[in-house]
$ cat entry_39.json   # JSON, C-alpha atoms
[["chain", "number", "residue", "atom", "x", "y", "z"],
["G", 1, "MET", "CA", 0.00, 0.00, 0.00],
["G", 2, "SER", "CA", 1.41, 3.39, -0.97],
["G", 3, "ALA", "CA", 2.01, 6.21, 1.49],
["G", 4, "ARG", "CA", -0.67, 8.25, -0.31],
["G", 5, "THR", "CA", -3.23, 5.46, 0.07],
["G", 6, "GLU", "CA", -2.38, 5.00, 3.73],
["G", 7, "HIS", "CA", -2.70, 8.75, 4.31],
["G", 8, "ALA", "CA", -6.16, 8.79, 2.68],
["G", 9, "ARG", "CA", -7.29, 5.85, 4.81],
["G", 10, "GLU", "CA", -6.06, 7.54, 7.99],
["G", 11, "LEU", "CA", -7.77, 10.78, 6.98],
["G", 12, "PHE", "CA", -11.20, 9.23, 6.39],
["G", 13, "ALA", "CA", -11.18, 6.45, 9.02],
["G", 14, "PRO", "CA", -12.43, 8.56, 11.93],
["G", 15, "LEU", "CA", -15.10, 10.26, 9.81],
["G", 16, "GLY", "CA", -17.26, 7.20, 9.09],
["G", 17, "PRO", "CA", -19.97, 7.76, 11.72],
["G", 18, "THR", "CA", -20.07, 11.56, 11.31],
["G", 19, "TYR", "CA", -19.22, 12.03, 7.62],
["G", 20, "ASP", "CA", -22.80, 12.69, 6.47],
["G", 21, "ARG", "CA", -23.33, 15.31, 9.15],
["G", 22, "TYR", "CA", -20.13, 17.12, 8.15],
["G", 23, "ALA", "CA", -20.99, 16.87, 4.45],
["G", 24, "SER", "CA", -24.32, 18.54, 5.09],
["G", 25, "LEU", "CA", -22.79, 21.22, 7.28],
["G", 26, "LEU", "CA", -19.89, 22.02, 4.95],
["G", 27, "SER", "CA", -22.12, 22.14, 1.87],
["G", 28, "PHE", "CA", -24.66, 24.37, 3.63],
["G", 29, "GLY", "CA", -27.25, 21.64, 3.18],
["G", 30, "GLN", "CA", -26.72, 21.40, -0.59],
["G", 31, "ASP", "CA", -25.37, 17.82, -0.65],
["G", 32, "PRO", "CA", -28.79, 16.20, -1.34],
["G", 33, "ARG", "CA", -29.25, 18.57, -4.27],
["G", 34, "TRP", "CA", -25.93, 17.77, -5.95],
["G", 35, "ARG", "CA", -26.55, 14.05, -5.37],
["G", 36, "ARG", "CA", -29.91, 14.29, -7.17],
["G", 37, "ILE", "CA", -28.26, 16.18, -10.05],
["G", 38, "LEU", "CA", -25.48, 13.60, -10.29],
["G", 39, "VAL", "CA", -27.91, 10.67, -10.28],
["G", 40, "SER", "CA", -30.14, 12.36, -12.87],
["G", 41, "ARG", "CA", -27.18, 12.27, -15.29],
["G", 42, "VAL", "CA", -26.94, 8.46, -15.14],
["G", 43, "PRO", "CA", -28.99, 6.93, -17.98],
["G", 44, "SER", "CA", -32.12, 5.16, -16.76],
["G", 45, "SER", "CA", -31.09, 2.21, -18.95],
["G", 46, "ALA", "CA", -28.02, 1.64, -16.73],
["G", 47, "GLU", "CA", -28.97, -1.61, -15.00],
["G", 48, "ARG", "CA", -25.68, -1.96, -13.10],
["G", 49, "VAL", "CA", -23.72, 0.98, -11.73],
["G", 50, "LEU", "CA", -20.35, 1.16, -10.00],
["G", 51, "ASP", "CA", -20.02, 3.90, -7.37],
["G", 52, "VAL", "CA", -16.28, 4.43, -6.87],
["G", 53, "ALA", "CA", -15.26, 6.06, -3.58],
["G", 54, "CYS", "CA", -18.80, 5.47, -2.33],
["G", 55, "GLY", "CA", -18.04, 6.44, 1.27],
["G", 56, "THR", "CA", -21.22, 6.12, 3.32],
["G", 57, "ALA", "CA", -23.26, 5.02, 0.26],
["G", 58, "ALA", "CA", -25.38, 8.16, -0.09],
["G", 59, "VAL", "CA", -24.97, 8.22, -3.89],
["G", 60, "SER", "CA", -25.35, 4.43, -4.13],
["G", 61, "ILE", "CA", -28.70, 4.68, -2.36],
["G", 62, "GLU", "CA", -29.89, 7.47, -4.66],
["G", 63, "LEU", "CA", -28.78, 5.48, -7.71],
["G", 64, "ALA", "CA", -30.75, 2.43, -6.55],
["G", 65, "ARG", "CA", -33.84, 4.48, -5.69],
["G", 66, "ALA", "CA", -33.81, 6.17, -9.10],
["G", 67, "GLU", "CA", -34.47, 2.88, -10.94],
["G", 68, "PRO", "CA", -36.31, 0.07, -9.14],
["G", 69, "THR", "CA", -34.37, -2.73, -10.86],
["G", 70, "ARG", "CA", -30.91, -1.16, -10.81],
["G", 71, "ILE", "CA", -28.07, -2.98, -9.03],
["G", 72, "VAL", "CA", -25.34, -0.81, -7.51],
["G", 73, "THR", "CA", -21.89, -1.82, -6.36],
["G", 74, "GLY", "CA", -20.10, 0.68, -4.17],
["G", 75, "ILE", "CA", -16.38, 0.50, -3.54],
["G", 76, "ASP", "CA", -14.31, 2.44, -1.03],
["G", 77, "GLN", "CA", -10.94, 2.02, 0.65],
["G", 78, "SER", "CA", -12.19, 3.06, 4.09],
["G", 79, "THR", "CA", -13.54, 0.21, 6.18],
["G", 80, "GLU", "CA", -15.10, 2.69, 8.59],
["G", 81, "MET", "CA", -16.97, 4.54, 5.84],
["G", 82, "LEU", "CA", -18.26, 1.24, 4.48],
["G", 83, "VAL", "CA", -19.52, 0.22, 7.93],
["G", 84, "ALA", "CA", -21.55, 3.44, 8.07],
["G", 85, "GLY", "CA", -22.66, 2.86, 4.47],
["G", 86, "ARG", "CA", -23.90, -0.66, 5.19],
["G", 87, "VAL", "CA", -26.02, 0.66, 8.05],
["G", 88, "ARG", "CA", -27.54, 3.28, 5.71],
["G", 89, "VAL", "CA", -28.20, 0.71, 2.97],
["G", 90, "GLU", "CA", -29.98, -1.62, 5.39],
["G", 91, "ARG", "CA", -32.02, 1.25, 6.85],
["G", 92, "ALA", "CA", -33.07, 2.17, 3.30],
["G", 93, "GLY", "CA", -34.17, -1.42, 2.68],
["G", 94, "LEU", "CA", -31.81, -1.74, -0.29],
["G", 95, "GLY", "CA", -29.51, -4.50, 0.94],
["G", 96, "GLY", "CA", -30.59, -6.77, -1.90],
["G", 97, "ARG", "CA", -29.66, -4.21, -4.58],
["G", 98, "ILE", "CA", -26.57, -2.49, -3.20],
["G", 99, "GLU", "CA", -23.33, -4.28, -2.47],
["G", 100, "LEU", "CA", -20.52, -2.38, -0.74],
["G", 101, "ARG", "CA", -16.96, -3.66, -1.13],
["G", 102, "GLU", "CA", -13.59, -2.56, 0.16],
["G", 103, "GLY", "CA", -11.11, -1.68, -2.56],
["G", 104, "ARG", "CA", -9.15, 1.04, -4.29],
["G", 105, "ALA", "CA", -10.07, 2.97, -7.42],
["G", 106, "GLU", "CA", -6.54, 2.43, -8.76],
["G", 107, "SER", "CA", -6.99, -1.35, -8.76],
["G", 108, "LEU", "CA", -10.65, -2.27, -8.96],
["G", 109, "PRO", "CA", -11.38, -5.83, -7.80],
["G", 110, "PHE", "CA", -13.31, -6.83, -10.92],
["G", 111, "ALA", "CA", -12.52, -8.83, -14.02]]

$ encode --input "entry_39.json" --output "structure tokens"
Amino acid sequence: MSARTEHARELFAPLGPTYDRYASLLSFGQDPRWRRILVSRVPSSAERVLDVACGTAAVSIELARAEPTRIVTGIDQSTEMLVAGRVRVERAGLGGRIELREGRAESLPFA
């Protein structure tokens, strides 16, 4: 693991449980708006979507909600962020359509 990757992991590790609160605060409450705009740009025909650097799965959840048959895979290098994301996914009732995996964008764990 590179020093840059390790630094990023150390930076985000303690934020997992509070990341969404900080995102809302720092964006002056605009984060739901930009998420909706982002998701609206994904074609409705996209049946499978990869959310790279998914963090706490906020975008993954919006992607799944946008199309009732869409399957979303989220990937992030922060275990702590993924733990918070899994809780959110389960609360949203989307555990069957969203899979969260640990990994790095530089070396995606897919064929």

$ residues_around --input "entry_39.json" --residues "G:Ser107" --least-positions-apart "3" --cutoff "12 Å" --atoms "all atoms listed in the file" --output "list in words"
Met1, Thr5, Val52, Ile75, Asp76, Gln77, Glu102, Gly103, Arg104, Phe110 and Ala111 of chain G

$ atom_distance --input "entry_39.json" --atom1 "atom CA of G:Gln30" --atom2 "atom CA of G:Arg86"
23.0 Å

$ residues_around --input "entry_39.json" --residues "G:Arg35" --least-positions-apart "6" --cutoff "10 Å" --atoms "all atoms listed in the file" --output "list in words"
Ala58, Val59, Ser60, Glu62 and Leu63 of chain G

$ closest_residue --input "entry_39.json" --among "G:Ile61, G:Ile71, G:Val39, G:Leu100" --to "G:Val83" --atoms "only C-alpha atoms"
G:Leu100

$ closest_residue --input "entry_39.json" --among "G:Gly55, G:Ala84, G:Arg91, G:Ile98" --to "G:Val72" --atoms "all atoms listed in the file"
G:Ile98

$ closest_residue --input "entry_39.json" --among "G:Gly85, G:Pro32, G:Gly74, G:Pro43" --to "G:Ala105" --atoms "all atoms listed in the file"
G:Gly74

$ closest_residue --input "entry_39.json" --among "G:Arg70, G:Leu50, G:Ile37, G:Ser44" --to "G:Gly96" --atoms "all atoms listed in the file"
G:Arg70

$ atom_distance --input "entry_39.json" --atom1 "atom CA of G:Thr73" --atom2 "atom CA of G:Cys54"
8.9 Å

$ atom_distance --input "entry_39.json" --atom1 "atom CA of G:Met81" --atom2 "atom CA of G:Gly95"
16.2 Å

$ closest_residue --input "entry_39.json" --among "G:Glu47, G:Arg65, G:Leu82, G:Val42" --to "G:Glu99" --atoms "all atoms listed in the file"
G:Leu82

$ closest_residue --input "entry_39.json" --among "G:Gly93, G:Pro68, G:Arg88, G:Ser78" --to "G:Ala46" --atoms "all atoms listed in the file"
G:Pro68

$ decode --input "entry_39.json" --residues "stretch 18-108 of chain G" --atoms "C-alpha atoms" --output "PDB file, in the first residue's frame"
ATOM      1  CA  THR G  18     -20.067  11.564  11.307  1.00  0.00           C
ATOM      2  CA  TYR G  19     -19.220  12.030   7.621  1.00  0.00           C
ATOM      3  CA  ASP G  20     -22.797  12.693   6.470  1.00  0.00           C
ATOM      4  CA  ARG G  21     -23.332  15.315   9.154  1.00  0.00           C
ATOM      5  CA  TYR G  22     -20.133  17.121   8.149  1.00  0.00           C
ATOM      6  CA  ALA G  23     -20.988  16.868   4.451  1.00  0.00           C
ATOM      7  CA  SER G  24     -24.316  18.539   5.091  1.00  0.00           C
ATOM      8  CA  LEU G  25     -22.792  21.222   7.275  1.00  0.00           C
ATOM      9  CA  LEU G  26     -19.889  22.019   4.954  1.00  0.00           C
ATOM     10  CA  SER G  27     -22.121  22.141   1.870  1.00  0.00           C
ATOM     11  CA  PHE G  28     -24.661  24.372   3.634  1.00  0.00           C
ATOM     12  CA  GLY G  29     -27.255  21.643   3.180  1.00  0.00           C
ATOM     13  CA  GLN G  30     -26.719  21.404  -0.592  1.00  0.00           C
ATOM     14  CA  ASP G  31     -25.374  17.825  -0.653  1.00  0.00           C
ATOM     15  CA  PRO G  32     -28.786  16.199  -1.343  1.00  0.00           C
ATOM     16  CA  ARG G  33     -29.253  18.574  -4.266  1.00  0.00           C
ATOM     17  CA  TRP G  34     -25.928  17.765  -5.946  1.00  0.00           C
ATOM     18  CA  ARG G  35     -26.554  14.045  -5.373  1.00  0.00           C
ATOM     19  CA  ARG G  36     -29.908  14.293  -7.173  1.00  0.00           C
ATOM     20  CA  ILE G  37     -28.265  16.183 -10.048  1.00  0.00           C
ATOM     21  CA  LEU G  38     -25.482  13.601 -10.290  1.00  0.00           C
ATOM     22  CA  VAL G  39     -27.907  10.671 -10.280  1.00  0.00           C
ATOM     23  CA  SER G  40     -30.140  12.360 -12.867  1.00  0.00           C
ATOM     24  CA  ARG G  41     -27.181  12.269 -15.293  1.00  0.00           C
ATOM     25  CA  VAL G  42     -26.945   8.459 -15.141  1.00  0.00           C
ATOM     26  CA  PRO G  43     -28.994   6.933 -17.978  1.00  0.00           C
ATOM     27  CA  SER G  44     -32.123   5.155 -16.763  1.00  0.00           C
ATOM     28  CA  SER G  45     -31.088   2.214 -18.946  1.00  0.00           C
ATOM     29  CA  ALA G  46     -28.020   1.637 -16.735  1.00  0.00           C
ATOM     30  CA  GLU G  47     -28.968  -1.611 -15.000  1.00  0.00           C
ATOM     31  CA  ARG G  48     -25.678  -1.959 -13.103  1.00  0.00           C
ATOM     32  CA  VAL G  49     -23.722   0.979 -11.734  1.00  0.00           C
ATOM     33  CA  LEU G  50     -20.348   1.157  -9.996  1.00  0.00           C
ATOM     34  CA  ASP G  51     -20.020   3.899  -7.371  1.00  0.00           C
ATOM     35  CA  VAL G  52     -16.276   4.433  -6.875  1.00  0.00           C
ATOM     36  CA  ALA G  53     -15.260   6.064  -3.584  1.00  0.00           C
ATOM     37  CA  CYS G  54     -18.803   5.468  -2.330  1.00  0.00           C
ATOM     38  CA  GLY G  55     -18.042   6.441   1.273  1.00  0.00           C
ATOM     39  CA  THR G  56     -21.222   6.116   3.316  1.00  0.00           C
ATOM     40  CA  ALA G  57     -23.258   5.019   0.259  1.00  0.00           C
ATOM     41  CA  ALA G  58     -25.383   8.163  -0.087  1.00  0.00           C
ATOM     42  CA  VAL G  59     -24.968   8.216  -3.890  1.00  0.00           C
ATOM     43  CA  SER G  60     -25.346   4.430  -4.134  1.00  0.00           C
ATOM     44  CA  ILE G  61     -28.696   4.680  -2.361  1.00  0.00           C
ATOM     45  CA  GLU G  62     -29.890   7.467  -4.656  1.00  0.00           C
ATOM     46  CA  LEU G  63     -28.785   5.477  -7.713  1.00  0.00           C
ATOM     47  CA  ALA G  64     -30.753   2.429  -6.553  1.00  0.00           C
ATOM     48  CA  ARG G  65     -33.839   4.482  -5.695  1.00  0.00           C
ATOM     49  CA  ALA G  66     -33.815   6.168  -9.103  1.00  0.00           C
ATOM     50  CA  GLU G  67     -34.474   2.879 -10.944  1.00  0.00           C
ATOM     51  CA  PRO G  68     -36.310   0.067  -9.139  1.00  0.00           C
ATOM     52  CA  THR G  69     -34.365  -2.730 -10.859  1.00  0.00           C
ATOM     53  CA  ARG G  70     -30.906  -1.160 -10.808  1.00  0.00           C
ATOM     54  CA  ILE G  71     -28.069  -2.984  -9.030  1.00  0.00           C
ATOM     55  CA  VAL G  72     -25.343  -0.806  -7.506  1.00  0.00           C
ATOM     56  CA  THR G  73     -21.893  -1.825  -6.362  1.00  0.00           C
ATOM     57  CA  GLY G  74     -20.099   0.676  -4.168  1.00  0.00           C
ATOM     58  CA  ILE G  75     -16.381   0.499  -3.541  1.00  0.00           C
ATOM     59  CA  ASP G  76     -14.307   2.441  -1.030  1.00  0.00           C
ATOM     60  CA  GLN G  77     -10.940   2.025   0.649  1.00  0.00           C
ATOM     61  CA  SER G  78     -12.194   3.062   4.090  1.00  0.00           C
ATOM     62  CA  THR G  79     -13.542   0.215   6.184  1.00  0.00           C
ATOM     63  CA  GLU G  80     -15.103   2.693   8.592  1.00  0.00           C
ATOM     64  CA  MET G  81     -16.966   4.545   5.843  1.00  0.00           C
ATOM     65  CA  LEU G  82     -18.258   1.236   4.484  1.00  0.00           C
ATOM     66  CA  VAL G  83     -19.521   0.221   7.927  1.00  0.00           C
ATOM     67  CA  ALA G  84     -21.554   3.443   8.073  1.00  0.00           C
ATOM     68  CA  GLY G  85     -22.664   2.862   4.475  1.00  0.00           C
ATOM     69  CA  ARG G  86     -23.902  -0.659   5.188  1.00  0.00           C
ATOM     70  CA  VAL G  87     -26.024   0.655   8.046  1.00  0.00           C
ATOM     71  CA  ARG G  88     -27.543   3.283   5.709  1.00  0.00           C
ATOM     72  CA  VAL G  89     -28.202   0.714   2.970  1.00  0.00           C
ATOM     73  CA  GLU G  90     -29.980  -1.618   5.387  1.00  0.00           C
ATOM     74  CA  ARG G  91     -32.024   1.249   6.846  1.00  0.00           C
ATOM     75  CA  ALA G  92     -33.068   2.172   3.300  1.00  0.00           C
ATOM     76  CA  GLY G  93     -34.168  -1.424   2.675  1.00  0.00           C
ATOM     77  CA  LEU G  94     -31.809  -1.743  -0.293  1.00  0.00           C
ATOM     78  CA  GLY G  95     -29.509  -4.499   0.942  1.00  0.00           C
ATOM     79  CA  GLY G  96     -30.587  -6.768  -1.904  1.00  0.00           C
ATOM     80  CA  ARG G  97     -29.665  -4.213  -4.582  1.00  0.00           C
ATOM     81  CA  ILE G  98     -26.573  -2.489  -3.195  1.00  0.00           C
ATOM     82  CA  GLU G  99     -23.329  -4.278  -2.472  1.00  0.00           C
ATOM     83  CA  LEU G 100     -20.519  -2.384  -0.742  1.00  0.00           C
ATOM     84  CA  ARG G 101     -16.956  -3.661  -1.129  1.00  0.00           C
ATOM     85  CA  GLU G 102     -13.593  -2.560   0.159  1.00  0.00           C
ATOM     86  CA  GLY G 103     -11.114  -1.678  -2.559  1.00  0.00           C
ATOM     87  CA  ARG G 104      -9.152   1.043  -4.292  1.00  0.00           C
ATOM     88  CA  ALA G 105     -10.068   2.969  -7.423  1.00  0.00           C
ATOM     89  CA  GLU G 106      -6.540   2.427  -8.759  1.00  0.00           C
ATOM     90  CA  SER G 107      -6.985  -1.345  -8.758  1.00  0.00           C
ATOM     91  CA  LEU G 108     -10.650  -2.267  -8.963  1.00  0.00           C
TER      92      LEU G 108
END
